[in-house]
Structures are given as structure tokens and as C-alpha cells.
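J.: Sharing query-v1.cif (mmCIF, C-alpha atoms) below.
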```
data_my_file
#
loop_
_atom_site.group_PDB
_atom_site.id
_atom_site.type_symbol
_atom_site.label_atom_id
_atom_site.label_comp_id
_atom_site.auth_asym_id
_atom_site.auth_seq_id
_atom_site.Cartn_x
_atom_site.Cartn_y
_atom_site.Cartn_z
ATOM 1 C CA MET T 19 -119.384 -90.618 -219.884
ATOM 2 C CA ARG T 20 -117.786 -94.011 -219.699
ATOM 3 C CA LEU T 21 -115.468 -96.377 -221.490
ATOM 4 C CA THR T 22 -117.011 -99.756 -222.306
ATOM 5 C CA ALA T 23 -116.432 -102.783 -220.066
ATOM 6 C CA TYR T 24 -114.689 -104.244 -223.130
ATOM 7 C CA THR T 25 -112.024 -101.516 -223.016
ATOM 8 C CA ASP T 26 -111.760 -101.712 -219.220
ATOM 9 C CA TYR T 27 -111.194 -105.508 -219.263
ATOM 10 C CA THR T 28 -108.780 -105.237 -222.204
ATOM 11 C CA LEU T 29 -106.597 -102.796 -220.291
ATOM 12 C CA ARG T 30 -106.715 -104.806 -217.081
ATOM 13 C CA THR T 31 -105.783 -107.993 -218.977
ATOM 14 C CA LEU T 32 -102.808 -106.229 -220.557
ATOM 15 C CA MET T 33 -101.742 -104.955 -217.119
ATOM 16 C CA TYR T 34 -101.949 -108.491 -215.699
ATOM 17 C CA LEU T 35 -99.778 -109.829 -218.515
ATOM 18 C CA ALA T 36 -97.296 -106.959 -218.199
ATOM 19 C CA VAL T 37 -96.730 -107.891 -214.549
ATOM 20 C CA ASN T 38 -96.758 -111.642 -215.181
ATOM 21 C CA VAL T 39 -94.047 -111.696 -217.843
ATOM 22 C CA GLU T 40 -92.205 -114.941 -217.159
ATOM 23 C CA ARG T 41 -94.850 -117.567 -217.850
ATOM 24 C CA GLY T 42 -98.125 -118.112 -219.653
ATOM 25 C CA VAL T 43 -101.329 -117.567 -217.729
ATOM 26 C CA THR T 44 -104.813 -118.931 -218.374
ATOM 27 C CA ILE T 45 -107.852 -116.833 -219.178
ATOM 28 C CA GLY T 46 -109.517 -118.482 -216.185
ATOM 29 C CA ALA T 47 -106.846 -117.181 -213.814
ATOM 30 C CA ILE T 48 -107.211 -113.591 -215.044
ATOM 31 C CA ALA T 49 -111.029 -113.776 -214.957
ATOM 32 C CA HIS T 50 -110.888 -115.181 -211.419
ATOM 33 C CA THR T 51 -108.468 -112.496 -210.177
ATOM 34 C CA TYR T 52 -110.540 -109.605 -211.521
ATOM 35 C CA ARG T 53 -113.872 -111.364 -210.839
ATOM 36 C CA ILE T 54 -115.045 -110.867 -214.412
ATOM 37 C CA SER T 55 -116.749 -113.184 -216.914
ATOM 38 C CA GLU T 56 -114.456 -115.791 -218.503
ATOM 39 C CA THR T 57 -116.688 -115.850 -221.601
ATOM 40 C CA HIS T 58 -116.342 -112.086 -222.011
ATOM 41 C CA LEU T 59 -112.592 -112.316 -221.431
ATOM 42 C CA THR T 60 -112.169 -115.067 -224.051
ATOM 43 C CA LYS T 61 -113.431 -112.676 -226.749
ATOM 44 C CA ILE T 62 -111.140 -109.929 -225.491
ATOM 45 C CA VAL T 63 -108.093 -112.214 -225.473
ATOM 46 C CA HIS T 64 -108.907 -113.331 -229.020
ATOM 47 C CA GLN T 65 -108.944 -109.714 -230.236
ATOM 48 C CA LEU T 66 -105.739 -108.913 -228.326
ATOM 49 C CA GLY T 67 -104.143 -111.837 -230.171
ATOM 50 C CA VAL T 68 -105.409 -110.541 -233.521
ATOM 51 C CA ALA T 69 -103.888 -107.133 -232.713
ATOM 52 C CA GLY T 70 -100.564 -108.793 -231.803
ATOM 53 C CA ASP T 71 -100.553 -107.412 -228.256
ATOM 54 C CA ILE T 72 -100.593 -110.926 -226.794
ATOM 55 C CA ARG T 73 -99.510 -114.400 -227.910
ATOM 56 C CA THR T 74 -100.616 -117.859 -226.860
ATOM 57 C CA ILE T 75 -98.278 -120.701 -225.893
ATOM 58 C CA ARG T 76 -99.912 -124.082 -226.371
ATOM 59 C CA GLY T 77 -99.485 -127.174 -224.216
ATOM 60 C CA ARG T 78 -99.810 -128.235 -220.597
ATOM 61 C CA ASN T 79 -97.769 -125.335 -219.238
ATOM 62 C CA GLY T 80 -99.037 -122.939 -221.864
ATOM 63 C CA GLY T 81 -101.159 -119.847 -221.599
ATOM 64 C CA ILE T 82 -101.117 -116.253 -222.765
ATOM 65 C CA LEU T 83 -98.252 -113.789 -222.625
ATOM 66 C CA LEU T 84 -97.648 -110.262 -223.910
ATOM 67 C CA GLY T 85 -96.861 -110.330 -227.613
ATOM 68 C CA LYS T 86 -94.510 -107.348 -227.515
ATOM 69 C CA PRO T 87 -92.658 -105.243 -224.923
ATOM 70 C CA ALA T 88 -94.998 -103.314 -222.601
ATOM 71 C CA ASP T 89 -93.451 -100.011 -223.654
ATOM 72 C CA ASP T 90 -94.464 -100.721 -227.255
ATOM 73 C CA ILE T 91 -98.157 -100.871 -226.301
ATOM 74 C CA ASN T 92 -99.669 -97.379 -226.208
ATOM 75 C CA LEU T 93 -102.723 -96.644 -224.068
ATOM 76 C CA GLY T 94 -104.297 -94.204 -226.532
ATOM 77 C CA SER T 95 -103.907 -96.689 -229.397
ATOM 78 C CA VAL T 96 -105.544 -99.494 -227.421
ATOM 79 C CA VAL T 97 -108.503 -97.280 -226.407
ATOM 80 C CA ARG T 98 -109.000 -96.046 -229.986
ATOM 81 C CA ARG T 99 -109.074 -99.679 -231.128
ATOM 82 C CA THR T 100 -111.366 -101.082 -228.412
ATOM 83 C CA GLU T 101 -113.958 -98.304 -228.086
ATOM 84 C CA PRO T 102 -116.635 -99.100 -230.649
ATOM 85 C CA ASP T 103 -117.880 -95.535 -230.731
ATOM 86 C CA MET T 104 -115.872 -92.355 -230.277
ATOM 87 C CA ASP T 105 -118.840 -90.263 -231.457
ATOM 88 C CA MET T 106 -119.448 -87.993 -228.481
ATOM 89 C CA VAL T 107 -122.879 -87.103 -229.857
ATOM 90 C CA ALA T 108 -125.035 -88.672 -232.586
ATOM 91 C CA CYS T 109 -124.159 -86.029 -235.188
ATOM 92 C CA PHE T 110 -120.442 -87.021 -235.261
ATOM 93 C CA ALA T 111 -121.426 -90.011 -237.383
ATOM 94 C CA ASP T 112 -124.290 -88.335 -239.233
ATOM 95 C CA PRO T 113 -124.036 -84.522 -239.566
ATOM 96 C CA ASP T 114 -127.339 -84.378 -241.475
ATOM 97 C CA ARG T 115 -129.145 -85.774 -238.448
ATOM 98 C CA CYS T 116 -129.294 -82.382 -236.721
ATOM 99 C CA ALA T 117 -130.948 -79.178 -237.951
ATOM 100 C CA ILE T 118 -127.848 -77.092 -237.154
ATOM 101 C CA GLY T 119 -125.269 -79.564 -238.507
ATOM 102 C CA GLY T 120 -123.976 -76.955 -240.942
ATOM 103 C CA ALA T 121 -123.061 -74.279 -238.377
ATOM 104 C CA CYS T 122 -122.375 -76.144 -235.152
ATOM 105 C CA VAL T 123 -119.597 -74.852 -232.883
ATOM 106 C CA LEU T 124 -120.601 -77.444 -230.255
ATOM 107 C CA GLN T 125 -119.441 -80.253 -232.534
ATOM 108 C CA SER T 126 -116.078 -78.542 -232.940
ATOM 109 C CA ALA T 127 -115.754 -78.018 -229.156
ATOM 110 C CA LEU T 128 -116.497 -81.692 -228.488
ATOM 111 C CA HIS T 129 -114.004 -82.797 -231.153
ATOM 112 C CA GLN T 130 -111.330 -80.675 -229.451
ATOM 113 C CA ALA T 131 -112.247 -82.069 -226.026
ATOM 114 C CA LEU T 132 -112.065 -85.665 -227.286
ATOM 115 C CA ALA T 133 -108.677 -84.952 -228.882
ATOM 116 C CA ALA T 134 -107.433 -83.582 -225.534
ATOM 117 C CA PHE T 135 -108.702 -86.729 -223.789
ATOM 118 C CA LEU T 136 -106.889 -89.032 -226.206
ATOM 119 C CA ALA T 137 -103.726 -86.907 -226.177
ATOM 120 C CA VAL T 138 -103.364 -87.635 -222.449
ATOM 121 C CA LEU T 139 -103.761 -91.372 -223.033
ATOM 122 C CA ASP T 140 -101.210 -91.204 -225.859
ATOM 123 C CA ARG T 141 -98.587 -90.179 -223.280
ATOM 124 C CA TYR T 142 -98.888 -93.551 -221.489
ATOM 125 C CA THR T 143 -97.596 -96.974 -222.435
ATOM 126 C CA LEU T 144 -98.517 -100.265 -220.792
ATOM 127 C CA ALA T 145 -95.106 -100.133 -219.087
ATOM 128 C CA ASP T 146 -96.164 -96.893 -217.332
ATOM 129 C CA LEU T 147 -99.392 -98.542 -216.170
ATOM 130 C CA VAL T 148 -97.509 -101.335 -214.401
ATOM 131 C CA ALA T 149 -94.764 -99.166 -212.908
ATOM 132 C CA PRO T 150 -95.780 -100.172 -209.341
ATOM 133 C CA ARG T 151 -94.823 -103.706 -210.356
ATOM 134 C CA GLN T 152 -94.183 -105.292 -206.929
ATOM 135 C CA ARG T 153 -97.414 -103.924 -205.481
ATOM 136 C CA LEU T 154 -99.404 -105.006 -208.520
ATOM 137 C CA ALA T 155 -97.881 -108.519 -208.356
ATOM 138 C CA ALA T 156 -98.926 -108.813 -204.711
ATOM 139 C CA LEU T 157 -102.467 -107.582 -205.456
ATOM 140 C CA LEU T 158 -102.790 -109.917 -208.448
ATOM 141 C CA GLY T 159 -101.400 -112.910 -206.532
ATOM 142 C CA ILE T 160 -98.474 -113.293 -208.947
ATOM 143 C CA ASP T 161 -95.300 -114.938 -207.613
ATOM 144 C CA PRO T 162 -92.763 -112.066 -207.383
ATOM 145 C CA ALA T 163 -89.870 -114.480 -208.090
ATOM 146 C CA GLY T 164 -90.672 -114.274 -211.779
ATOM 147 C CA LEU T 165 -90.915 -110.505 -212.001
ATOM 148 C CA ALA T 166 -88.788 -108.927 -214.671
ATOM 149 C CA GLY T 167 -87.785 -105.692 -213.055
ATOM 150 C CA PRO T 168 -87.940 -103.455 -209.998
ATOM 151 C CA ASP T 169 -90.936 -101.511 -208.821
ATOM 152 C CA THR T 170 -90.655 -98.198 -210.647
ATOM 153 C CA ALA T 171 -93.700 -96.519 -209.154
ATOM 154 C CA GLY T 172 -93.575 -92.778 -209.469
ATOM 155 C CA GLN T 173 -91.871 -92.743 -212.848
ATOM 156 C CA MET T 174 -94.995 -91.710 -214.706
ATOM 157 C CA PRO T 175 -95.198 -89.457 -217.748
ATOM 158 C CA MET Q 638 -117.442 -93.013 -225.534
ATOM 159 C CA ARG Q 639 -120.495 -90.826 -225.733
ATOM 160 C CA LEU Q 640 -122.360 -88.089 -223.944
ATOM 161 C CA THR Q 641 -125.962 -88.990 -223.083
ATOM 162 C CA ALA Q 642 -128.844 -87.872 -225.312
ATOM 163 C CA TYR Q 643 -129.932 -85.864 -222.267
ATOM 164 C CA THR Q 644 -126.754 -83.745 -222.435
ATOM 165 C CA ASP Q 645 -126.935 -83.479 -226.223
ATOM 166 C CA TYR Q 646 -130.555 -82.227 -226.174
ATOM 167 C CA THR Q 647 -129.828 -79.874 -223.264
ATOM 168 C CA LEU Q 648 -127.050 -78.198 -225.212
ATOM 169 C CA ARG Q 649 -129.073 -77.962 -228.407
ATOM 170 C CA THR Q 650 -132.011 -76.455 -226.508
ATOM 171 C CA LEU Q 651 -129.723 -73.830 -224.981
ATOM 172 C CA MET Q 652 -128.305 -73.057 -228.424
ATOM 173 C CA TYR Q 653 -131.821 -72.614 -229.825
ATOM 174 C CA LEU Q 654 -132.710 -70.205 -227.027
ATOM 175 C CA ALA Q 655 -129.443 -68.297 -227.398
ATOM 176 C CA VAL Q 656 -130.290 -67.604 -231.052
ATOM 177 C CA ASN Q 657 -133.986 -66.949 -230.405
ATOM 178 C CA VAL Q 658 -133.522 -64.231 -227.781
ATOM 179 C CA GLU Q 659 -136.367 -61.845 -228.489
ATOM 180 C CA ARG Q 660 -139.436 -63.936 -227.726
ATOM 181 C CA GLY Q 661 -140.533 -67.045 -225.854
ATOM 182 C CA VAL Q 662 -140.603 -70.324 -227.749
ATOM 183 C CA THR Q 663 -142.575 -73.488 -227.058
ATOM 184 C CA ILE Q 664 -141.065 -76.851 -226.228
ATOM 185 C CA GLY Q 665 -143.032 -78.219 -229.188
ATOM 186 C CA ALA Q 666 -141.278 -75.858 -231.604
ATOM 187 C CA ILE Q 667 -137.802 -76.861 -230.375
ATOM 188 C CA ALA Q 668 -138.689 -80.582 -230.435
ATOM 189 C CA HIS Q 669 -140.055 -80.235 -233.966
ATOM 190 C CA THR Q 670 -137.001 -78.351 -235.237
ATOM 191 C CA TYR Q 671 -134.526 -80.902 -233.889
ATOM 192 C CA ARG Q 672 -136.867 -83.866 -234.538
ATOM 193 C CA ILE Q 673 -136.571 -85.076 -230.945
ATOM 194 C CA SER Q 674 -139.149 -86.299 -228.420
ATOM 195 C CA GLU Q 675 -141.266 -83.548 -226.826
ATOM 196 C CA THR Q 676 -141.715 -85.692 -223.704
ATOM 197 C CA HIS Q 677 -137.954 -86.049 -223.326
ATOM 198 C CA LEU Q 678 -137.490 -82.331 -223.947
ATOM 199 C CA THR Q 679 -140.084 -81.382 -221.317
ATOM 200 C CA LYS Q 680 -137.952 -83.033 -218.621
ATOM 201 C CA ILE Q 681 -134.837 -81.296 -219.925
ATOM 202 C CA VAL Q 682 -136.533 -77.883 -219.960
ATOM 203 C CA HIS Q 683 -137.732 -78.449 -216.407
ATOM 204 C CA GLN Q 684 -134.175 -79.139 -215.211
ATOM 205 C CA LEU Q 685 -132.818 -76.149 -217.151
ATOM 206 C CA GLY Q 686 -135.387 -74.023 -215.314
ATOM 207 C CA VAL Q 687 -134.327 -75.455 -211.946
ATOM 208 C CA ALA Q 688 -130.706 -74.609 -212.799
ATOM 209 C CA GLY Q 689 -131.715 -71.049 -213.737
ATOM 210 C CA ASP Q 690 -130.395 -71.325 -217.289
ATOM 211 C CA ILE Q 691 -133.876 -70.724 -218.738
ATOM 212 C CA ARG Q 692 -137.076 -69.018 -217.619
ATOM 213 C CA THR Q 693 -140.704 -69.471 -218.624
ATOM 214 C CA ILE Q 694 -143.076 -66.678 -219.602
ATOM 215 C CA ARG Q 695 -146.703 -67.653 -219.069
ATOM 216 C CA GLY Q 696 -149.680 -66.700 -221.196
ATOM 217 C CA ARG Q 697 -150.817 -66.892 -224.793
ATOM 218 C CA ASN Q 698 -147.619 -65.404 -226.212
ATOM 219 C CA GLY Q 699 -145.445 -67.060 -223.590
ATOM 220 C CA GLY Q 700 -142.796 -69.703 -223.867
ATOM 221 C CA ILE Q 701 -139.247 -70.305 -222.730
ATOM 222 C CA LEU Q 702 -136.288 -67.940 -222.906
ATOM 223 C CA LEU Q 703 -132.708 -67.987 -221.663
ATOM 224 C CA GLY Q 704 -132.606 -67.140 -217.948
ATOM 225 C CA LYS Q 705 -129.222 -65.402 -218.104
ATOM 226 C CA PRO Q 706 -126.839 -64.005 -220.733
ATOM 227 C CA ALA Q 707 -125.385 -66.674 -223.037
ATOM 228 C CA ASP Q 708 -121.856 -65.754 -222.023
ATOM 229 C CA ASP Q 709 -122.705 -66.599 -218.412
ATOM 230 C CA ILE Q 710 -123.540 -70.207 -219.322
ATOM 231 C CA ASN Q 711 -120.397 -72.335 -219.406
ATOM 232 C CA LEU Q 712 -120.259 -75.489 -221.526
ATOM 233 C CA GLY Q 713 -118.117 -77.456 -219.047
ATOM 234 C CA SER Q 714 -120.465 -76.589 -216.184
ATOM 235 C CA VAL Q 715 -123.539 -77.708 -218.118
ATOM 236 C CA VAL Q 716 -121.914 -81.025 -219.111
ATOM 237 C CA ARG Q 717 -120.755 -81.723 -215.530
ATOM 238 C CA ARG Q 718 -124.334 -81.116 -214.371
ATOM 239 C CA THR Q 719 -126.154 -83.128 -217.030
ATOM 240 C CA GLU Q 720 -123.900 -86.177 -217.364
ATOM 241 C CA PRO Q 721 -125.153 -88.655 -214.760
ATOM 242 C CA ASP Q 722 -121.877 -90.541 -214.698
ATOM 243 C CA MET Q 723 -118.383 -89.155 -215.188
ATOM 244 C CA ASP Q 724 -116.862 -92.451 -214.013
ATOM 245 C CA MET Q 725 -114.776 -93.487 -216.994
ATOM 246 C CA VAL Q 726 -114.523 -97.022 -215.590
ATOM 247 C CA ALA Q 727 -116.429 -98.835 -212.828
ATOM 248 C CA CYS Q 728 -113.654 -98.434 -210.255
ATOM 249 C CA PHE Q 729 -113.929 -94.598 -210.210
ATOM 250 C CA ALA Q 730 -117.039 -95.014 -208.054
ATOM 251 C CA ASP Q 731 -115.883 -98.120 -206.189
ATOM 252 C CA PRO Q 732 -112.096 -98.573 -205.895
ATOM 253 C CA ASP Q 733 -112.539 -101.843 -203.962
ATOM 254 C CA ARG Q 734 -114.264 -103.364 -206.952
ATOM 255 C CA CYS Q 735 -111.001 -104.149 -208.733
ATOM 256 C CA ALA Q 736 -108.149 -106.369 -207.517
ATOM 257 C CA ILE Q 737 -105.535 -103.713 -208.344
ATOM 258 C CA GLY Q 738 -107.478 -100.716 -206.995
ATOM 259 C CA GLY Q 739 -104.649 -99.893 -204.596
ATOM 260 C CA ALA Q 740 -101.882 -99.511 -207.208
ATOM 261 C CA CYS Q 741 -103.605 -98.502 -210.415
ATOM 262 C CA VAL Q 742 -101.864 -96.032 -212.707
ATOM 263 C CA LEU Q 743 -104.624 -96.554 -215.306
ATOM 264 C CA GLN Q 744 -107.138 -94.895 -213.005
ATOM 265 C CA SER Q 745 -104.843 -91.891 -212.646
ATOM 266 C CA ALA Q 746 -104.303 -91.700 -216.436
ATOM 267 C CA LEU Q 747 -108.064 -91.752 -217.063
ATOM 268 C CA HIS Q 748 -108.662 -89.074 -214.423
ATOM 269 C CA GLN Q 749 -106.093 -86.852 -216.158
ATOM 270 C CA ALA Q 750 -107.676 -87.521 -219.563
ATOM 271 C CA LEU Q 751 -111.152 -86.666 -218.271
ATOM 272 C CA ALA Q 752 -109.818 -83.453 -216.725
ATOM 273 C CA ALA Q 753 -108.276 -82.508 -220.087
ATOM 274 C CA PHE Q 754 -111.616 -83.205 -221.804
ATOM 275 C CA LEU Q 755 -113.520 -80.965 -219.393
ATOM 276 C CA ALA Q 756 -110.853 -78.245 -219.468
ATOM 277 C CA VAL Q 757 -111.535 -77.790 -223.193
ATOM 278 C CA LEU Q 758 -115.284 -77.484 -222.585
ATOM 279 C CA ASP Q 759 -114.616 -74.978 -219.785
ATOM 280 C CA ARG Q 760 -113.159 -72.616 -222.396
ATOM 281 C CA TYR Q 761 -116.526 -72.311 -224.173
ATOM 282 C CA THR Q 762 -119.652 -70.390 -223.223
ATOM 283 C CA LEU Q 763 -123.059 -70.702 -224.836
ATOM 284 C CA ALA Q 764 -122.317 -67.397 -226.578
ATOM 285 C CA ASP Q 765 -119.347 -69.060 -228.337
ATOM 286 C CA LEU Q 766 -121.571 -71.937 -229.454
ATOM 287 C CA VAL Q 767 -123.985 -69.579 -231.226
ATOM 288 C CA ALA Q 768 -121.370 -67.304 -232.757
ATOM 289 C CA PRO Q 769 -122.569 -68.156 -236.315
ATOM 290 C CA ARG Q 770 -125.853 -66.536 -235.301
ATOM 291 C CA GLN Q 771 -127.313 -65.683 -238.713
ATOM 292 C CA ARG Q 772 -126.581 -69.110 -240.114
ATOM 293 C CA LEU Q 773 -128.007 -70.830 -237.053
ATOM 294 C CA ALA Q 774 -131.171 -68.698 -237.225
ATOM 295 C CA ALA Q 775 -131.671 -69.719 -240.839
ATOM 296 C CA LEU Q 776 -131.104 -73.413 -240.064
ATOM 297 C CA LEU Q 777 -133.437 -73.266 -237.053
ATOM 298 C CA GLY Q 778 -136.137 -71.387 -238.975
ATOM 299 C CA ILE Q 779 -135.967 -68.414 -236.600
ATOM 300 C CA ASP Q 780 -137.012 -65.021 -237.986
ATOM 301 C CA PRO Q 781 -133.719 -63.067 -238.281
ATOM 302 C CA ALA Q 782 -135.555 -59.769 -237.594
ATOM 303 C CA GLY Q 783 -135.482 -60.552 -233.890
ATOM 304 C CA LEU Q 784 -131.806 -61.478 -233.685
ATOM 305 C CA ALA Q 785 -129.826 -59.647 -231.058
ATOM 306 C CA GLY Q 786 -126.453 -59.284 -232.684
ATOM 307 C CA PRO Q 787 -124.323 -59.890 -235.767
ATOM 308 C CA ASP Q 788 -122.984 -63.229 -236.916
ATOM 309 C CA THR Q 789 -119.647 -63.551 -235.132
ATOM 310 C CA ALA Q 790 -118.570 -66.881 -236.600
ATOM 311 C CA GLY Q 791 -114.880 -67.520 -236.277
ATOM 312 C CA GLN Q 792 -114.490 -65.757 -232.936
ATOM 313 C CA MET Q 793 -114.052 -68.964 -230.975
ATOM 314 C CA PRO Q 794 -111.885 -69.437 -227.896
#
```
Produce C-alpha cells that represent the structure in this file.

T.:
Amino acid sequence: MRLTAYTDYTLRTLMYLAVNVERGVTIGAIAHTYRISETHLTKIVHQLGVAGDIRTIRGRNGGILLGKPADDINLGSVVRRTEPDMDMVACFADPDRCAIGGACVLQSALHQALAAFLAVLDRYTLADLVAPRQRLAALLGIDPAGLAGPDTAGQMP
Amino acid sequence: MRLTAYTDYTLRTLMYLAVNVERGVTIGAIAHTYRISETHLTKIVHQLGVAGDIRTIRGRNGGILLGKPADDINLGSVVRRTEPDMDMVACFADPDRCAIGGACVLQSALHQALAAFLAVLDRYTLADLVAPRQRLAALLGIDPAGLAGPDTAGQMP
């Protein structure tokens, strides 16, 4: 059971931008830091822009920035949006596909389990994810002079 | 986010056997009922035998049967055993893979969410999954004369 690389890279991009709040950053810099494909990341950044989670500043010193405060970006909402398929098993999308579709307790159990999974993610915002701000800045190679706030590690939901 | 077809077919095979308790059934009959590959199912049945969840009766009237009572087979345990990969993201298996591996709240959030998912499944046994026994027998084309108990639909955890 796995989230897609698309969701993984989306969340890591948002975390980068939530630490690097003072100036625009290029897609190339994020791709380089995480050692992931710039082509893949370009698509992700486009969709994050469409969703309003990030904005782009044009020009020589431009780049991408968060489009809203980090505590307005909910983890569960992002995962629901980026996962193409929350159907735990094939019959979620097509109940007629399985002989026992009409009397299946398994389907109900898996629906409950998925709801419990998402309910945990719903308790987190992007701000929670970057609470260890100083340590994240150091790991990401971001100049700490531009950091917006103190390291608040430990203040998790 | 999906469980593998391997897990899905494993669970459906166990449900078939938990309804069809009085006599052995062939892999071919289960594959035909669910319209799934007999080759795929043969591997699954082998692993269910290794785990002790089913047993095989040899001979002309032989076939496979549950190897233990349905309420001794836990849904969470089966899923933990059959899912090859419970790493929600790549860094679960290799924390050094990601630049922020040392300060990642996301990893912790996903671990909590996965635990919540599995905790729901841990509340179910195979007996719960086949509580609507009469309806399942009808849908699976199993002769109700051999059914062990009444339909107990609605008595879920």
C-alpha cells in the first residue's frame, strides 16, 4: 500500500516552499535538492498553481512561492486531491465487478479503514509538517536568514 | 491508494471458504465464481495453506477448506501478511533517500495514518466478513443446505 510518487513529490514541494517563505525558488532548485525529475516536478507545480496552493513570480528574481498561509493547507485535502485512486479494491469503483458485491462486509471494513487513514491526515496542516523549521532549512540548504519564524518542533497535533 | 489484487483475491477466497464450510471446493470453482485467474489463485491458495488459514483434502471429493475457525482469522493480520509493501512513501524503507529524512513530520503523520487504517482492520475477523451468510451463499452459488449457521448480517464490530 503506497501513495503515488506524484503525491509524495507534491507534499515535499509544499514543505520546501513552506520553509522557504521569503523569496521565489525555481523548480530546478527543488528538483536538485530532492534529487527528483524536473520534468515530473514541472507538472506537479502546474497543478499546485491551479489549486492555488502556490503562486509564481515572474522575472529574473522570480520563482514559486506558497499561494496561501501554510496553516491553510490541509494534508488530508492535498492527498485526496493528488491521489488518482482512493479505491482500495477494484469493487469500490465497480460494485458489479464482484460476485458478492451485494453483501460484502469487506468493502465496508475497507471504507472505514480508509476513512480512519484520512482522518489522521486531516489533523495536519502544512504548517505542522514544517514545524522543525530550522532543521529543515539546514537540510534543504535554505539560508536561515530569511526564515519567517522559530523552530516549533514538537508542537504537532 | 490501493491494496494489491493478491490481497483482494486472498480475502475473497477466505470469504468463499468461510461460507462453504461443509465440503472441500476446487480452486477452479472459486476462480470461476469470482471471474479471476486460476493460475493467480493457485499461488494464493498455496500461501494460504502455508499460513495455516486453509487446508487441502485430497481425493476425488477433495478440495480446499478453512484450516481454522473463521473467527480466528483476523483481517488486519491477513492484510499485513499479504501486502508486499506497507511503505506509504519511498522513505519509509530508506530514510536516507530524502533530503529532509532527519526532520520529517510528514513521515510521522503517514505512519500514524497507516496505523489507524490497520487498527480498523484489526477489529474484524473473517467471521464478521461473512456475517450475511445466506445472502453470500446465494451470490456465490453455494448450496445453502450445507451452511453452518444463520445469517447474522448487521452484527459487525

J.: Neighbouring residues of segment 133-136 of chain T were defined as those with any atom within 6 Å, considering all atoms listed in the file; residues of the same chain fewer than 5 positions away were excluded. Please report them as a list in words.

T.: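 Residues near the query, excluding close chain neighbours: Gly94 of chain T; Ala750, Ala753 and Phe754 of chain Q.
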
J.: Tell me which of T:Lys86, T:Leu157, T:Pro150, T:Cys116 sits closest to Ala668 of chain Q, counting only C-alpha atoms.

T.: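 Distance minimum relative to Ala668 of chain Q lands on T:Cys116.
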
J.: As a check of understanding, name the residues that the PyMOL selection byres ((chain T) within 7 of (chain Q)) selects in the supplied structure, as a VMD selection string.

T.: chain T and resid 19 to 21 26 51 to 52 101 103 to 107 116 to 118 121 123 to 124 127 130 to 132 134 to 136 138 to 139 147 150 153 to 154 157 to 158

J.: Using only C-alpha atoms, which protein or nucleic acid residues come within 9 Å of Thr693 of chain Q? Drop anything in the same chain fewer than 2 positions from it, and give the result as a short mmCIF file (atom, residue, chain, number, x, y, z; two decimals) with C-alpha atoms, in the coordinates of the input.

T.:
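Generated file (selection_4.cif):
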```cif
data_model
loop_
_atom_site.label_atom_id
_atom_site.label_comp_id
_atom_site.auth_asym_id
_atom_site.auth_seq_id
_atom_site.Cartn_x
_atom_site.Cartn_y
_atom_site.Cartn_z
CA GLY Q 661 -140.53 -67.04 -225.85
CA GLY Q 686 -135.39 -74.02 -215.31
CA ILE Q 691 -133.88 -70.72 -218.74
CA ARG Q 695 -146.70 -67.65 -219.07
CA GLY Q 699 -145.44 -67.06 -223.59
CA GLY Q 700 -142.80 -69.70 -223.87
CA ILE Q 701 -139.25 -70.31 -222.73
CA LEU Q 702 -136.29 -67.94 -222.91
CA LEU Q 703 -132.71 -67.99 -221.66
CA GLY Q 704 -132.61 -67.14 -217.95
#
```

J.: Work out how far apart atom CA of Asp161 of chain T and atom CA of His58 of chain T are and give it in Å to one decimal.

T.: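 Separation between atom CA of Asp161 of chain T and atom CA of His58 of chain T: 25.7 Å.
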
J.: What is the atom CA of Val715 of chain Q to atom CA of Asn657 of chain Q distance in Å?

T.: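 Going from atom CA of Val715 of chain Q over to atom CA of Asn657 of chain Q, I get 19.4 Å.
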
J.: Using only the atoms of segment 651-657 of chain Q listed in the file, plus 6 Å on each side, state the axis-aligned box centre and edge lengths in Å rounded to one decimal, as JSON.

T.:
```
{"center_x": -131.1, "center_y": -70.4, "center_z": -228.0, "size_x": 17.7, "size_y": 18.9, "size_z": 18.1}
```

J.: Grab the atom CA of Leu685 of chain Q to atom CA of Thr650 of chain Q distance for me, in Å with one decimal place.

T.: 9.4 Å

J.: Here's a test: counting only C-alpha atoms, identify every protein, DNA and RNA residue with an atom at most 8 Å from (-124.0, -67.7, -219.8) in the file's coordinate frame, and state them as a PyMOL selection string.

T.: chain Q and resi 690+705-711+762-764

J.: Which is closer to Arg692 of chain Q than all the others in Q:Thr676, Q:Asp731, Q:Arg660, Q:Tyr643, using only C-alpha atoms?

T.: Q:Arg660

J.: Please supply segment 150-161 of chain T, rebuilt with N, CA and C atoms, as a compact mmCIF listing (two decimals), keeping the file's coordinate frame.

T.:
```
# COMPACT_ATOMS: atom_id res chain seq x y z
N PRO T 150 -95.84 -99.64 -210.72
CA PRO T 150 -95.78 -100.17 -209.34
C PRO T 150 -95.81 -101.71 -209.37
N ARG T 151 -94.80 -102.28 -210.00
CA ARG T 151 -94.82 -103.71 -210.36
C ARG T 151 -94.95 -104.64 -209.14
N GLN T 152 -94.15 -104.38 -208.09
CA GLN T 152 -94.18 -105.29 -206.93
C GLN T 152 -95.55 -105.26 -206.25
N ARG T 153 -96.11 -104.04 -206.14
CA ARG T 153 -97.41 -103.92 -205.48
C ARG T 153 -98.50 -104.58 -206.32
N LEU T 154 -98.42 -104.38 -207.64
CA LEU T 154 -99.40 -105.01 -208.52
C LEU T 154 -99.30 -106.54 -208.45
N ALA T 155 -98.07 -107.06 -208.43
CA ALA T 155 -97.88 -108.52 -208.36
C ALA T 155 -98.53 -109.07 -207.09
N ALA T 156 -98.34 -108.37 -205.98
CA ALA T 156 -98.93 -108.81 -204.71
C ALA T 156 -100.46 -108.79 -204.80
N LEU T 157 -101.01 -107.71 -205.36
CA LEU T 157 -102.47 -107.58 -205.46
C LEU T 157 -103.06 -108.62 -206.41
N LEU T 158 -102.30 -108.96 -207.45
CA LEU T 158 -102.79 -109.92 -208.45
C LEU T 158 -102.49 -111.36 -208.05
N GLY T 159 -101.74 -111.56 -206.96
CA GLY T 159 -101.40 -112.91 -206.53
C GLY T 159 -100.39 -113.58 -207.44
N ILE T 160 -99.50 -112.76 -208.05
CA ILE T 160 -98.47 -113.29 -208.95
C ILE T 160 -97.19 -113.47 -208.15
N ASP T 161 -96.54 -114.63 -208.32
CA ASP T 161 -95.30 -114.94 -207.61
C ASP T 161 -94.23 -113.90 -207.99
```
